[in-house]
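As provided, upload-v1.csv (CSV, C-alpha atoms and all ligand atoms) reads as follows.
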```csv
chain,number,residue,atom,x,y,z
A,1,MET,CA,3.1,-12.0,29.2
A,2,SER,CA,-0.2,-12.4,30.9
A,3,GLU,CA,-2.1,-15.6,31.2
A,4,ALA,CA,-4.8,-14.2,29.0
A,5,PHE,CA,-2.3,-13.5,26.2
A,6,GLU,CA,-0.7,-17.0,26.6
A,7,ARG,CA,-4.1,-18.6,26.1
A,8,LEU,CA,-4.7,-16.6,22.9
A,9,LYS,CA,-1.3,-17.7,21.6
A,10,GLU,CA,-2.2,-21.4,22.2
A,11,ARG,CA,-5.6,-21.0,20.4
A,12,GLU,CA,-3.9,-19.3,17.5
A,13,ARG,CA,-1.5,-22.2,17.1
A,14,ALA,CA,-4.4,-24.7,17.4
A,15,PHE,CA,-6.8,-23.0,14.9
A,16,MET,CA,-4.9,-20.9,12.4
A,17,CYS,CA,-2.9,-21.9,9.3
A,18,ARG,CA,0.8,-21.3,9.8
A,19,THR,CA,1.2,-18.3,7.7
A,20,TYR,CA,1.9,-15.3,10.0
A,21,SER,CA,4.6,-15.0,12.6
A,22,ARG,CA,2.7,-12.4,14.7
A,23,TYR,CA,4.0,-9.6,16.9
A,24,PRO,CA,3.7,-10.5,20.6
A,25,VAL,CA,0.7,-8.2,21.0
A,26,SER,CA,-3.1,-8.9,21.0
A,27,VAL,CA,-5.0,-5.7,20.1
A,28,VAL,CA,-8.4,-5.3,21.6
A,29,ARG,CA,-9.3,-1.7,20.9
A,30,GLY,CA,-8.1,1.4,19.0
A,31,LYS,CA,-8.8,5.1,18.8
A,32,GLY,CA,-7.1,7.5,16.4
A,33,SER,CA,-3.4,6.6,16.5
A,34,ARG,CA,-3.7,4.7,19.8
A,35,LEU,CA,-4.1,0.9,20.3
A,36,TRP,CA,-4.7,-1.0,23.5
A,37,ASP,CA,-3.7,-4.7,24.1
A,38,ILE,CA,-5.4,-7.4,26.1
A,39,ASP,CA,-3.5,-6.4,29.2
A,40,GLY,CA,-4.6,-2.7,28.9
A,41,ARG,CA,-1.2,-1.4,27.6
A,42,GLU,CA,-1.4,1.6,25.3
A,43,TYR,CA,0.6,1.8,22.1
A,44,VAL,CA,1.3,4.6,19.5
A,45,ASP,CA,0.3,3.0,16.2
A,46,LEU,CA,2.8,4.1,13.5
A,47,LEU,CA,1.8,1.2,11.1
A,48,SER,CA,-2.0,1.8,10.9
A,49,GLY,CA,-2.8,-1.8,9.9
A,50,ILE,CA,-0.1,-1.6,7.2
A,51,ALA,CA,-1.3,1.7,5.6
A,52,VAL,CA,-4.9,0.8,5.8
A,53,VAL,CA,-6.4,2.8,8.7
A,54,ALA,CA,-5.4,6.2,7.2
A,55,LEU,CA,-8.0,8.1,9.1
A,56,GLY,CA,-7.3,6.5,12.4
A,57,HIS,CA,-9.0,3.8,14.4
A,58,ALA,CA,-12.7,4.0,15.4
A,59,ASN,CA,-13.2,7.1,13.3
A,60,GLU,CA,-16.6,8.5,14.4
A,61,GLU,CA,-17.6,10.0,11.1
A,62,LEU,CA,-17.0,6.6,9.3
A,63,ALA,CA,-18.7,4.7,12.1
A,64,GLU,CA,-21.8,6.8,11.5
A,65,VAL,CA,-21.8,6.2,7.7
A,66,MET,CA,-21.2,2.5,8.3
A,67,ALA,CA,-24.1,2.2,10.8
A,68,GLN,CA,-26.5,4.1,8.6
A,69,GLN,CA,-25.6,2.2,5.4
A,70,ALA,CA,-25.7,-1.1,7.2
A,71,ARG,CA,-29.3,-0.4,8.0
A,72,LYS,CA,-30.1,0.6,4.4
A,73,LEU,CA,-28.2,-1.8,2.1
A,74,ILE,CA,-24.9,-3.7,2.5
A,75,HIS,CA,-24.7,-5.8,-0.6
A,76,VAL,CA,-26.8,-6.8,-3.7
A,77,SER,CA,-24.0,-7.9,-6.1
A,78,ASN,CA,-22.8,-6.3,-9.3
A,79,LEU,CA,-25.9,-7.5,-11.2
A,80,PHE,CA,-27.6,-4.3,-10.1
A,81,TYR,CA,-27.1,-0.5,-10.5
A,82,GLN,CA,-26.0,1.0,-7.1
A,83,GLU,CA,-26.0,4.7,-6.5
A,84,GLU,CA,-23.4,4.4,-3.7
A,85,GLN,CA,-21.0,2.7,-6.1
A,86,LEU,CA,-21.5,5.4,-8.8
A,87,ASP,CA,-21.1,8.3,-6.3
A,88,TYR,CA,-17.9,6.8,-5.2
A,89,ALA,CA,-16.6,6.0,-8.7
A,90,GLU,CA,-17.2,9.6,-9.8
A,91,LYS,CA,-15.4,11.1,-6.8
A,92,LEU,CA,-12.5,8.7,-7.0
A,93,LEU,CA,-11.9,9.2,-10.7
A,94,ALA,CA,-11.8,13.0,-10.2
A,95,THR,CA,-8.5,12.5,-8.3
A,96,SER,CA,-6.6,11.5,-11.4
A,97,HIS,CA,-6.6,11.4,-15.2
A,98,ALA,CA,-8.3,7.9,-15.3
A,99,GLY,CA,-11.7,7.6,-16.9
A,100,LYS,CA,-13.0,4.2,-15.7
A,101,VAL,CA,-12.8,2.1,-12.6
A,102,PHE,CA,-13.3,-1.6,-11.7
A,103,PHE,CA,-13.9,-2.3,-8.0
A,104,CYS,CA,-12.6,-5.4,-6.1
A,105,ASN,CA,-11.6,-6.3,-2.5
A,106,SER,CA,-7.9,-6.2,-2.1
A,107,GLY,CA,-4.6,-5.0,-3.5
A,108,ALA,CA,-3.7,-8.3,-5.2
A,109,GLU,CA,-7.1,-8.5,-6.8
A,110,SER,CA,-6.7,-5.0,-8.2
A,111,ASN,CA,-3.4,-5.9,-9.7
A,112,GLU,CA,-4.9,-9.1,-11.2
A,113,ALA,CA,-7.5,-6.9,-12.8
A,114,ALA,CA,-4.8,-4.6,-14.1
A,115,ILE,CA,-2.8,-7.5,-15.6
A,116,LYS,CA,-5.9,-9.0,-17.2
A,117,LEU,CA,-6.9,-5.6,-18.7
A,118,ALA,CA,-3.4,-4.9,-20.1
A,119,ARG,CA,-3.3,-8.3,-21.8
A,120,ARG,CA,-6.8,-8.1,-23.2
A,121,TYR,CA,-6.3,-4.5,-24.4
A,122,GLN,CA,-3.2,-5.5,-26.3
A,123,LYS,CA,-4.9,-8.5,-27.9
A,124,GLU,CA,-8.5,-7.3,-28.5
A,125,VAL,CA,-8.0,-3.6,-29.1
A,126,LYS,CA,-4.5,-3.4,-30.5
A,127,GLY,CA,-4.5,-6.9,-32.2
A,128,ARG,CA,-1.0,-7.5,-30.7
A,129,ASP,CA,0.1,-10.9,-29.5
A,130,ALA,CA,1.6,-9.3,-26.3
A,131,TRP,CA,1.1,-10.7,-22.9
A,132,GLU,CA,4.3,-10.3,-20.9
A,133,VAL,CA,4.4,-8.0,-17.9
A,134,ILE,CA,7.7,-6.5,-16.7
A,135,THR,CA,8.1,-5.6,-13.1
A,136,LEU,CA,11.0,-4.1,-11.1
A,137,GLU,CA,13.3,-6.0,-8.7
A,138,ASN,CA,12.2,-5.7,-5.0
A,139,CYS,CA,8.6,-5.0,-6.0
A,140,PHE,CA,5.6,-6.3,-4.2
A,141,HIS,CA,2.3,-6.8,-6.0
A,142,GLY,CA,0.4,-9.4,-4.0
A,143,ARG,CA,0.1,-13.1,-3.1
A,144,THR,CA,-2.3,-14.5,-5.7
A,145,MET,CA,-0.7,-16.7,-8.3
A,146,ALA,CA,-0.3,-14.0,-11.0
A,147,THR,CA,0.7,-11.3,-8.6
A,148,LEU,CA,3.2,-13.7,-7.0
A,149,ALA,CA,4.7,-14.3,-10.4
A,150,ALA,CA,4.8,-10.5,-10.9
A,151,THR,CA,6.5,-10.1,-7.5
A,152,GLY,CA,9.0,-13.0,-7.9
A,153,LYS,CA,9.4,-13.6,-4.2
A,154,HIS,CA,7.7,-16.0,-1.7
A,155,VAL,CA,7.3,-18.5,-4.6
A,156,GLU,CA,8.9,-21.6,-3.1
A,157,GLY,CA,6.7,-24.6,-3.3
A,158,PHE,CA,4.0,-22.9,-5.4
A,159,GLU,CA,5.4,-23.5,-8.9
A,160,PRO,CA,4.4,-23.7,-11.7
A,161,LEU,CA,3.5,-20.0,-11.6
A,162,PRO,CA,1.6,-18.3,-14.5
A,163,ALA,CA,3.9,-17.5,-17.4
A,164,GLY,CA,4.5,-14.1,-18.8
A,165,PHE,CA,6.3,-12.2,-16.1
A,166,GLY,CA,9.9,-10.8,-16.1
A,167,ARG,CA,11.8,-8.5,-13.8
A,168,VAL,CA,14.4,-5.8,-14.4
A,169,PRO,CA,16.7,-3.9,-12.0
A,170,TRP,CA,15.4,-0.8,-10.2
A,171,ASN,CA,16.0,2.6,-11.7
A,172,ASP,CA,17.8,1.1,-14.8
A,173,LEU,CA,16.5,2.4,-18.1
A,174,ASP,CA,18.9,0.4,-20.2
A,175,ALA,CA,17.9,-2.8,-18.6
A,176,LEU,CA,14.2,-2.0,-19.2
A,177,GLU,CA,14.8,-1.0,-22.9
A,178,LYS,CA,16.6,-4.3,-23.4
A,179,ALA,CA,13.9,-6.4,-21.7
A,180,ILE,CA,11.1,-5.1,-24.0
A,181,ARG,CA,10.1,-7.5,-26.7
A,182,PRO,CA,7.3,-7.8,-29.2
A,183,SER,CA,5.5,-9.9,-26.6
A,184,THR,CA,5.7,-7.2,-23.9
A,185,ALA,CA,2.2,-6.0,-22.9
A,186,ALA,CA,3.0,-3.8,-19.9
A,187,VAL,CA,5.4,-2.5,-17.4
A,188,LEU,CA,4.1,-2.6,-13.8
A,189,ILE,CA,5.9,-0.4,-11.1
A,190,GLU,CA,5.4,1.1,-7.7
A,191,ALA,CA,6.4,4.8,-8.0
A,192,VAL,CA,7.4,4.5,-4.4
A,193,GLN,CA,8.3,0.9,-3.5
A,194,GLY,CA,6.7,-0.1,-0.1
A,195,GLU,CA,7.5,-3.6,1.0
A,196,GLY,CA,10.8,-3.3,-1.0
A,197,GLY,CA,12.2,-0.7,1.4
A,198,ILE,CA,10.5,2.7,0.7
A,199,PHE,CA,12.4,3.6,-2.5
A,200,PRO,CA,10.9,6.3,-4.7
A,201,VAL,CA,11.9,6.2,-8.4
A,202,THR,CA,14.0,9.0,-9.7
A,203,GLN,CA,12.5,11.7,-12.0
A,204,GLU,CA,14.9,10.6,-14.7
A,205,TYR,CA,13.7,7.0,-14.5
A,206,ALA,CA,10.1,8.1,-14.5
A,207,ASP,CA,10.6,10.2,-17.6
A,208,GLY,CA,12.5,7.5,-19.4
A,209,LEU,CA,10.0,4.8,-18.4
A,210,ALA,CA,7.1,6.8,-19.9
A,211,GLU,CA,9.0,7.4,-23.1
A,212,ILE,CA,10.0,3.8,-23.5
A,213,CYS,CA,6.4,2.6,-22.9
A,214,ARG,CA,5.1,5.1,-25.4
A,215,ARG,CA,7.6,4.3,-28.1
A,216,HIS,CA,7.0,0.5,-27.8
A,217,GLY,CA,3.2,0.6,-27.4
A,218,VAL,CA,3.6,-1.0,-24.0
A,219,LEU,CA,1.1,0.0,-21.3
A,220,LEU,CA,2.4,1.6,-18.1
A,221,LEU,CA,0.8,0.2,-14.9
A,222,CYS,CA,1.3,1.8,-11.5
A,223,ASP,CA,0.6,-0.1,-8.2
A,224,GLU,CA,-0.6,2.5,-5.7
A,225,VAL,CA,-1.9,0.0,-3.2
A,226,GLN,CA,0.4,1.3,-0.5
A,227,ALA,CA,1.6,4.7,-1.6
A,228,GLY,CA,-1.8,5.9,-2.9
A,229,MET,CA,-4.7,7.7,-1.3
A,230,CYS,CA,-2.8,10.8,-0.1
A,231,ARG,CA,-0.1,8.9,1.8
A,232,SER,CA,2.7,10.1,-0.5
A,233,GLY,CA,1.6,13.7,-0.2
A,234,ARG,CA,-0.5,13.6,-3.4
A,235,TRP,CA,-3.6,11.5,-4.2
A,236,TRP,CA,-1.3,9.1,-6.1
A,237,SER,CA,2.4,8.8,-5.8
A,238,PHE,CA,2.9,8.7,-9.7
A,239,GLN,CA,1.7,12.3,-9.7
A,240,HIS,CA,4.9,13.4,-8.0
A,241,PHE,CA,6.7,12.3,-11.2
A,242,GLY,CA,4.3,13.6,-13.8
A,243,LEU,CA,3.4,10.0,-14.8
A,244,LYS,CA,0.0,9.2,-16.4
A,245,PRO,CA,-0.2,5.4,-16.2
A,246,ASP,CA,-2.6,3.7,-18.5
A,247,ILE,CA,-3.8,1.7,-15.6
A,248,PHE,CA,-3.3,2.0,-11.8
A,249,THR,CA,-4.4,0.2,-8.8
A,250,SER,CA,-5.4,1.1,-5.2
A,251,SER,CA,-6.6,-0.7,-2.1
A,252,LYS,CA,-5.1,-0.4,1.4
A,253,SER,CA,-6.5,3.0,2.6
A,254,MET,CA,-9.6,3.2,0.5
A,255,ALA,CA,-12.2,2.3,3.1
A,256,ASN,CA,-10.2,2.7,6.4
A,257,GLY,CA,-10.2,-1.0,7.1
A,258,LEU,CA,-13.1,-2.4,5.2
A,259,PRO,CA,-11.9,-4.5,2.2
A,260,LEU,CA,-12.0,-2.4,-1.0
A,261,GLY,CA,-9.8,-2.3,-4.0
A,262,ALA,CA,-9.9,-0.5,-7.3
A,263,MET,CA,-8.3,-0.7,-10.7
A,264,MET,CA,-8.5,2.5,-12.6
A,265,ALA,CA,-7.8,3.0,-16.3
A,266,THR,CA,-7.8,5.6,-19.0
A,267,ASP,CA,-10.8,5.5,-21.3
A,268,GLU,CA,-8.5,4.1,-24.0
A,269,ALA,CA,-7.1,1.3,-21.9
A,270,ALA,CA,-10.5,0.5,-20.4
A,271,GLN,CA,-11.7,-0.6,-23.9
A,272,GLY,CA,-9.8,-3.9,-23.2
A,273,PHE,CA,-12.7,-5.1,-21.1
A,274,ASP,CA,-16.1,-6.0,-22.5
A,275,TYR,CA,-19.3,-7.2,-20.8
A,276,GLY,CA,-18.4,-10.5,-19.0
A,277,SER,CA,-14.6,-10.1,-19.3
A,278,HIS,CA,-14.0,-9.8,-15.6
A,279,ALA,CA,-16.1,-9.8,-12.4
A,280,THR,CA,-16.3,-10.2,-8.7
A,281,THR,CA,-19.1,-10.9,-6.3
A,282,PHE,CA,-18.3,-8.5,-3.5
A,283,GLY,CA,-16.3,-5.7,-5.2
A,284,GLY,CA,-17.6,-2.2,-4.6
A,285,GLY,CA,-20.7,-3.1,-2.7
A,286,ALA,CA,-22.9,-0.4,-1.2
A,287,LEU,CA,-21.4,-0.5,2.3
A,288,VAL,CA,-17.8,-0.3,1.4
A,289,THR,CA,-18.3,2.4,-1.3
A,290,ALA,CA,-20.4,4.5,1.0
A,291,VAL,CA,-17.5,4.4,3.5
A,292,GLY,CA,-15.0,4.9,0.7
A,293,LEU,CA,-16.8,8.1,-0.4
A,294,LYS,CA,-16.7,9.5,3.1
A,295,VAL,CA,-13.0,8.7,3.3
A,296,LEU,CA,-12.4,10.7,0.1
A,297,GLU,CA,-14.5,13.6,1.4
A,298,ILE,CA,-12.6,13.7,4.7
A,299,MET,CA,-9.2,13.5,2.9
A,300,GLU,CA,-10.2,16.4,0.7
A,301,ARG,CA,-11.9,18.5,3.4
A,302,ASP,CA,-8.9,18.1,5.8
A,303,HIS,CA,-6.2,18.5,3.2
A,304,LEU,CA,-4.6,15.2,4.2
A,305,ALA,CA,-2.4,15.0,1.2
A,306,GLU,CA,-0.7,18.3,2.0
A,307,ARG,CA,-0.6,17.3,5.7
A,308,ALA,CA,1.1,14.0,4.8
A,309,ALA,CA,3.6,15.9,2.7
A,310,GLU,CA,4.5,18.4,5.5
A,311,LEU,CA,4.5,15.9,8.4
A,312,GLY,CA,6.5,13.5,6.3
A,313,ASP,CA,9.2,16.1,5.3
A,314,ARG,CA,9.6,17.2,8.9
A,315,ALA,CA,9.8,13.6,10.2
A,316,ARG,CA,12.4,12.7,7.7
A,317,ALA,CA,14.4,15.9,8.6
A,318,ARG,CA,14.1,14.8,12.2
A,319,PHE,CA,15.5,11.3,11.5
A,320,ARG,CA,18.3,12.8,9.3
A,321,ALA,CA,19.3,15.1,12.2
A,322,LEU,CA,19.3,12.2,14.5
A,323,GLY,CA,21.6,10.4,12.1
A,324,GLU,CA,24.0,13.3,12.1
A,325,ARG,CA,24.0,13.3,15.9
A,326,LEU,CA,24.8,9.6,16.0
A,327,PRO,CA,27.2,8.8,13.1
A,328,GLY,CA,27.1,5.2,12.0
A,329,ALA,CA,23.6,4.5,13.3
A,330,ILE,CA,21.4,5.4,10.4
A,331,ALA,CA,22.4,4.5,6.8
A,332,ASP,CA,19.6,6.3,4.9
A,333,VAL,CA,16.2,8.1,5.4
A,334,ARG,CA,13.8,7.7,2.5
A,335,GLY,CA,10.2,8.1,1.4
A,336,LYS,CA,7.5,10.5,0.3
A,337,GLY,CA,4.9,11.9,2.6
A,338,LEU,CA,3.9,9.6,5.4
A,339,LEU,CA,5.6,6.6,3.8
A,340,ILE,CA,8.9,6.7,5.6
A,341,GLY,CA,11.8,4.4,5.7
A,342,VAL,CA,14.7,4.7,8.2
A,343,GLN,CA,17.4,2.3,7.2
A,344,LEU,CA,19.5,1.4,10.2
A,345,ASP,CA,23.2,1.0,9.6
A,346,MET,CA,23.4,-2.5,11.2
A,347,PRO,CA,22.7,-6.1,10.4
A,348,GLN,CA,19.1,-7.3,10.4
A,349,ASP,CA,19.4,-9.1,13.8
A,350,ALA,CA,20.5,-5.9,15.5
A,351,ALA,CA,17.8,-3.9,13.7
A,352,LYS,CA,15.3,-6.4,14.9
A,353,LYS,CA,16.4,-5.7,18.5
A,354,VAL,CA,15.9,-2.0,17.9
A,355,TRP,CA,12.4,-2.7,16.6
A,356,GLU,CA,11.7,-4.9,19.7
A,357,LYS,CA,12.8,-2.1,22.1
A,358,LEU,CA,10.6,0.4,20.3
A,359,LEU,CA,7.7,-2.1,20.7
A,360,GLU,CA,8.5,-2.5,24.4
A,361,LYS,CA,8.3,1.3,24.7
A,362,GLY,CA,4.9,1.2,23.1
A,363,PHE,CA,5.6,2.2,19.5
A,364,ILE,CA,4.1,0.0,16.8
A,365,LEU,CA,5.9,0.0,13.4
A,366,ASN,CA,7.6,-2.6,11.3
A,367,LEU,CA,10.8,-3.7,9.8
A,368,THR,CA,11.2,-4.3,6.0
A,369,TYR,CA,14.0,-4.7,3.5
A,370,GLY,CA,16.3,-6.2,6.1
A,371,SER,CA,17.1,-3.3,8.5
A,372,THR,CA,14.7,-0.5,7.4
A,373,LEU,CA,12.2,0.7,10.0
A,374,ARG,CA,9.0,1.5,8.1
A,375,PHE,CA,6.6,4.2,9.3
A,376,LEU,CA,3.1,4.2,7.8
A,377,PRO,CA,1.1,6.2,10.4
A,378,ALA,CA,-2.4,7.4,10.0
A,379,LEU,CA,-2.6,10.7,7.9
A,380,THR,CA,-4.3,12.2,11.0
A,381,ILE,CA,-1.6,11.3,13.5
A,382,ASP,CA,-0.5,14.1,15.9
A,383,GLU,CA,2.9,15.4,14.9
A,384,SER,CA,4.0,15.0,18.6
A,385,ASP,CA,3.7,11.2,18.1
A,386,LEU,CA,6.3,11.3,15.3
A,387,ALA,CA,8.6,13.4,17.5
A,388,ASP,CA,8.2,11.0,20.4
A,389,VAL,CA,9.1,7.9,18.3
A,390,ALA,CA,12.2,9.8,17.0
A,391,ASP,CA,13.2,10.5,20.6
A,392,ALA,CA,12.6,6.9,21.6
A,393,LEU,CA,14.7,5.7,18.7
A,394,GLU,CA,17.5,8.1,19.6
A,395,ASN,CA,17.5,6.8,23.2
A,396,ILE,CA,17.6,3.2,22.1
A,397,LEU,CA,20.5,3.9,19.6
A,398,ARG,CA,22.4,5.8,22.2
A,399,GLN,CA,22.2,2.9,24.7
A,400,GLY,CA,23.3,0.5,22.0
A,401,VAL,CA,21.7,-2.9,21.2
A,501,LIG,C1,-0.1,-4.7,0.2
A,501,LIG,C2,0.2,-4.5,-1.2
A,501,LIG,C3,-0.3,-5.3,-2.2
A,501,LIG,C4,-1.2,-6.5,-1.9
A,501,LIG,O1,-2.4,-6.1,-1.3
A,501,LIG,P1,-3.4,-7.2,-0.6
A,501,LIG,O2,-4.6,-6.4,-0.2
A,501,LIG,O3,-2.6,-7.8,0.6
A,501,LIG,O4,-3.7,-8.2,-1.6
A,501,LIG,C5,0.0,-5.1,-3.5
A,501,LIG,N1,0.8,-4.1,-3.8
A,501,LIG,C6,1.4,-3.3,-2.9
A,501,LIG,C7,2.3,-2.2,-3.4
A,501,LIG,C8,1.1,-3.5,-1.6
A,501,LIG,O5,1.7,-2.7,-0.7
```
As structure tokens - that is how I would like this structure written.
Amino acid sequence: MSEAFERLKERERAFMCRTYSRYPVSVVRGKGSRLWDIDGREYVDLLSGIAVVALGHANEELAEVMAQQARKLIHVSNLFYQEEQLDYAEKLLATSHAGKVFFCNSGAESNEAAIKLARRYQKEVKGRDAWEVITLENCFHGRTMATLAATGKHVEGFEPLPAGFGRVPWNDLDALEKAIRPSTAAVLIEAVQGEGGIFPVTQEYADGLAEICRRHGVLLLCDEVQAGMCRSGRWWSFQHFGLKPDIFTSSKSMANGLPLGAMMATDEAAQGFDYGSHATTFGGGALVTAVGLKVLEIMERDHLAERAAELGDRARARFRALGERLPGAIADVRGKGLLIGVQLDMPQDAAKKVWEKLLEKGFILNLTYGSTLRFLPALTIDESDLADVADALENILRQGV
């Protein structure tokens, strides 16, 4: 470690709340799927800011939109009509069956909006005294109080949490059916779990889930914060399973690094909000929505959903072949599109060593669900980068950790 890096570490300890145990890298610059650290080392970025920088770092087209819009209008608040916001809303809604959108600034906030809308829809539109939201084990929906209660992890020391959240096992329709009560307002799922280890639901579960929700008058909510925006190989990962959620949420990739979130709802479910029901100061301002619009245009123009599907399938095939060459090294390869999980067949400590060696070789990714390597590359990544990381992983596994 250089002296410059050591100084940064000291200042971080001095100034920052103790919330993040950071990777031993200080990033100073990026371009496409490359990052450079404070000592000039180059890295292949297979994490893209945790599925945020989907069009790569320092994207020229987006930089141009940002610069132009910054000189025209950045923010006026949601007290005003803004053409940028409406142009974006129209284009965004055309990617799904949803009819209305509410803009906010993050994934957790978009889920908060979804939970609030589901409760208020049941109460005000349906006249039902239903408030409870059921989630699935190993889910992740955010770190605000309500989304923490929905997630059911990272809660130590923060109790009491908001009431009205319950969890059922993954891919278990009987458990879901049994958990539904007259007080149940909604079921909230990720069609492909991200933080929870890159697990897609099965088609059978998706079909059963939709049927159970319909039969009980319970709203179906999908969290697309990580899997959405073309990453899964479709605009939204629920589209792989023929699901039509009443409400769904998005954030990470929406503005390629600027904070933007959205809660989208069918026209029916959207009736749950009235003027004054919900609000945010920053959500969907002119700058972020102008950038968001360009992101959608580029994704459409460059067929990035199809690209994610193809590159993801080939990358998973590559990791599976690697697993066959090295029996006992890889337990499972999962995912959809460029949301890829490679579960190593070893304890978490050993998996962490593999991750460290990949980082030493200049590959940035992360470890989740114990020993699962998670790949969330930019949708524009060169396929050769995916081949290179598979080769590097093979070399590391052959040498043993
Ligand atoms: C990251 C994530 C969130 C939380 O988003 P923040 O922007 O960190 O609040 C919620 N749901 C899923 C599925 C996520 O991956």
Residue contacts of range 257-265 of chain A (8 Å, all atoms listed in the file) excluding same-chain residues fewer than 4 positions away, as a ChimeraX atom specification | /A:49,52-53,93,98-107,109-111,113-114,245-253,269-270,283-284,288-289
Contacts of chain A with ligand LIG 501 (chain A) up to 7 Å, shortest pair per row, only C-alpha atoms and all ligand atoms, as a tab-separated table:
```
residue	atom	partner	partner_atom	distance
A:Ser106	CA	A:LIG501	O2	3.8
A:Gly107	CA	A:LIG501	O1	3.3
A:Ala108	CA	A:LIG501	O4	3.6
A:Glu109	CA	A:LIG501	O4	6.2
A:Phe140	CA	A:LIG501	N1	5.3
A:His141	CA	A:LIG501	N1	3.8
A:Gly142	CA	A:LIG501	C4	3.9
A:Arg143	CA	A:LIG501	O4	6.4
A:Glu190	CA	A:LIG501	C7	6.2
A:Gln193	CA	A:LIG501	C7	6.8
A:Gly194	CA	A:LIG501	O5	5.7
A:Glu195	CA	A:LIG501	O5	6.1
A:Asp223	CA	A:LIG501	C7	5.5
A:Glu224	CA	A:LIG501	C7	6.0
A:Val225	CA	A:LIG501	C6	4.7
A:Gln226	CA	A:LIG501	O5	4.2
A:Ser251	CA	A:LIG501	O2	6.3
A:Lys252	CA	A:LIG501	O2	6.2
```
Interatomic distance, CA of Met346 in chain A to CA of Lys153 in chain A (Å, one decimal) =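 Separation between CA of Met346 in chain A and CA of Lys153 in chain A: 23.6 Å.
Between CA of Gly228 in chain A and CA of Gly272 in chain A there is a distance of 23.9 Å.
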When distances are computed from all atoms listed in the file, which of A:Arg231, A:His57, A:Arg318, A:Arg214 shows the smallest separation from Leu304 in chain A?
->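 For Leu304 in chain A, the nearest of the candidates is A:Arg231.
Within the 12 Å cut-off around Glu211 in chain A, using all atoms listed in the file and omitting residues fewer than 4 positions from it on the same chain, the listed residues are Leu173, Leu176, Glu177, Val187, Glu204, Tyr205, Ala206, Asp207, Arg215, His216, Gly217, Val218, Leu219, Leu220, Leu243, Lys244 and Pro245 of chain A.
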Taking (20.9, 7.2, 13.9) in the file's coordinates as the center, which residues reach within 10 Å of it, counting all atoms listed in the file, put as an MDAnalysis selection string?
-> chainID A and resid 319:333 342:345 390 393:398
Quick one: pull the distance between CA of Ser26 in chain A and CA of Gly56 in chain A, Å, one decimal.
->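 So the answer is 18.1 Å.
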Residues near Thr135 in chain A, anyone? I mean within 8 Å using only C-alpha atoms, not counting same-chain ones fewer than 4 positions away, as a PDB file with C-alpha atoms, in the frame of the given file.
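Just written: around.pdb:
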```pdb
ATOM      1  CA  CYS A 139       8.600  -5.000  -6.000  1.00  0.00           C
ATOM      2  CA  ALA A 150       4.800 -10.500 -10.900  1.00  0.00           C
ATOM      3  CA  THR A 151       6.500 -10.100  -7.500  1.00  0.00           C
ATOM      4  CA  PHE A 165       6.300 -12.200 -16.100  1.00  0.00           C
ATOM      5  CA  GLY A 166       9.900 -10.800 -16.100  1.00  0.00           C
ATOM      6  CA  ARG A 167      11.800  -8.500 -13.800  1.00  0.00           C
ATOM      7  CA  VAL A 168      14.400  -5.800 -14.400  1.00  0.00           C
ATOM      8  CA  VAL A 187       5.400  -2.500 -17.400  1.00  0.00           C
ATOM      9  CA  LEU A 188       4.100  -2.600 -13.800  1.00  0.00           C
ATOM     10  CA  ILE A 189       5.900  -0.400 -11.100  1.00  0.00           C
TER      11      ILE A 189
END
```
Exercise: Arg34 in chain A partners within 12 Å, all atoms listed in the file, chain neighbours under 3 positions left out, as a PyMOL selection string | chain A and resi 27-31+37+40-49+53+56-59+362-364+377-378+380-382+385
Write out as number ranges by chain which residues come within 9 Å of Lys361 in chain A when counting only C-alpha atoms, dropping same-chain ones fewer than 4 positions away.
-> A: 43, 356-357, 392
Of the candidates A:Leu339, A:Leu379, A:Ala309, A:Ala14, which shows the shortest atom-to-atom distance to Asn256 in chain A, using only C-alpha atoms?
->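 Smallest separation from Asn256 in chain A among the options: A:Leu379.
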Which of these residues is nearest to Glu383 in chain A, using all atoms listed in the file: A:Asp349, A:Glu360, A:Asp313, A:Asp172?
->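 Ranking A:Asp349, A:Glu360, A:Asp313, A:Asp172 by distance to Glu383 in chain A, first place goes to A:Asp313.
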Scan for residues within 12 Å of the point (0.6, 18.7, 4.8) in the coordinates of the file, using all atoms listed in the file, and reply as a tab-separated table (two decimals) with C-alpha atoms, keeping the file's coordinate frame.
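Okay, out-v6.tsv is ready:
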```tsv
chain	number	residue	atom	x	y	z
A	230	CYS	CA	-2.80	10.80	-0.10
A	231	ARG	CA	-0.10	8.90	1.80
A	232	SER	CA	2.70	10.10	-0.50
A	233	GLY	CA	1.60	13.70	-0.20
A	234	ARG	CA	-0.50	13.60	-3.40
A	299	MET	CA	-9.20	13.50	2.90
A	300	GLU	CA	-10.20	16.40	0.70
A	302	ASP	CA	-8.90	18.10	5.80
A	303	HIS	CA	-6.20	18.50	3.20
A	304	LEU	CA	-4.60	15.20	4.20
A	305	ALA	CA	-2.40	15.00	1.20
A	306	GLU	CA	-0.70	18.30	2.00
A	307	ARG	CA	-0.60	17.30	5.70
A	308	ALA	CA	1.10	14.00	4.80
A	309	ALA	CA	3.60	15.90	2.70
A	310	GLU	CA	4.50	18.40	5.50
A	311	LEU	CA	4.50	15.90	8.40
A	312	GLY	CA	6.50	13.50	6.30
A	313	ASP	CA	9.20	16.10	5.30
A	314	ARG	CA	9.60	17.20	8.90
A	315	ALA	CA	9.80	13.60	10.20
A	336	LYS	CA	7.50	10.50	0.30
A	337	GLY	CA	4.90	11.90	2.60
A	338	LEU	CA	3.90	9.60	5.40
A	379	LEU	CA	-2.60	10.70	7.90
A	380	THR	CA	-4.30	12.20	11.00
A	381	ILE	CA	-1.60	11.30	13.50
A	383	GLU	CA	2.90	15.40	14.90
```
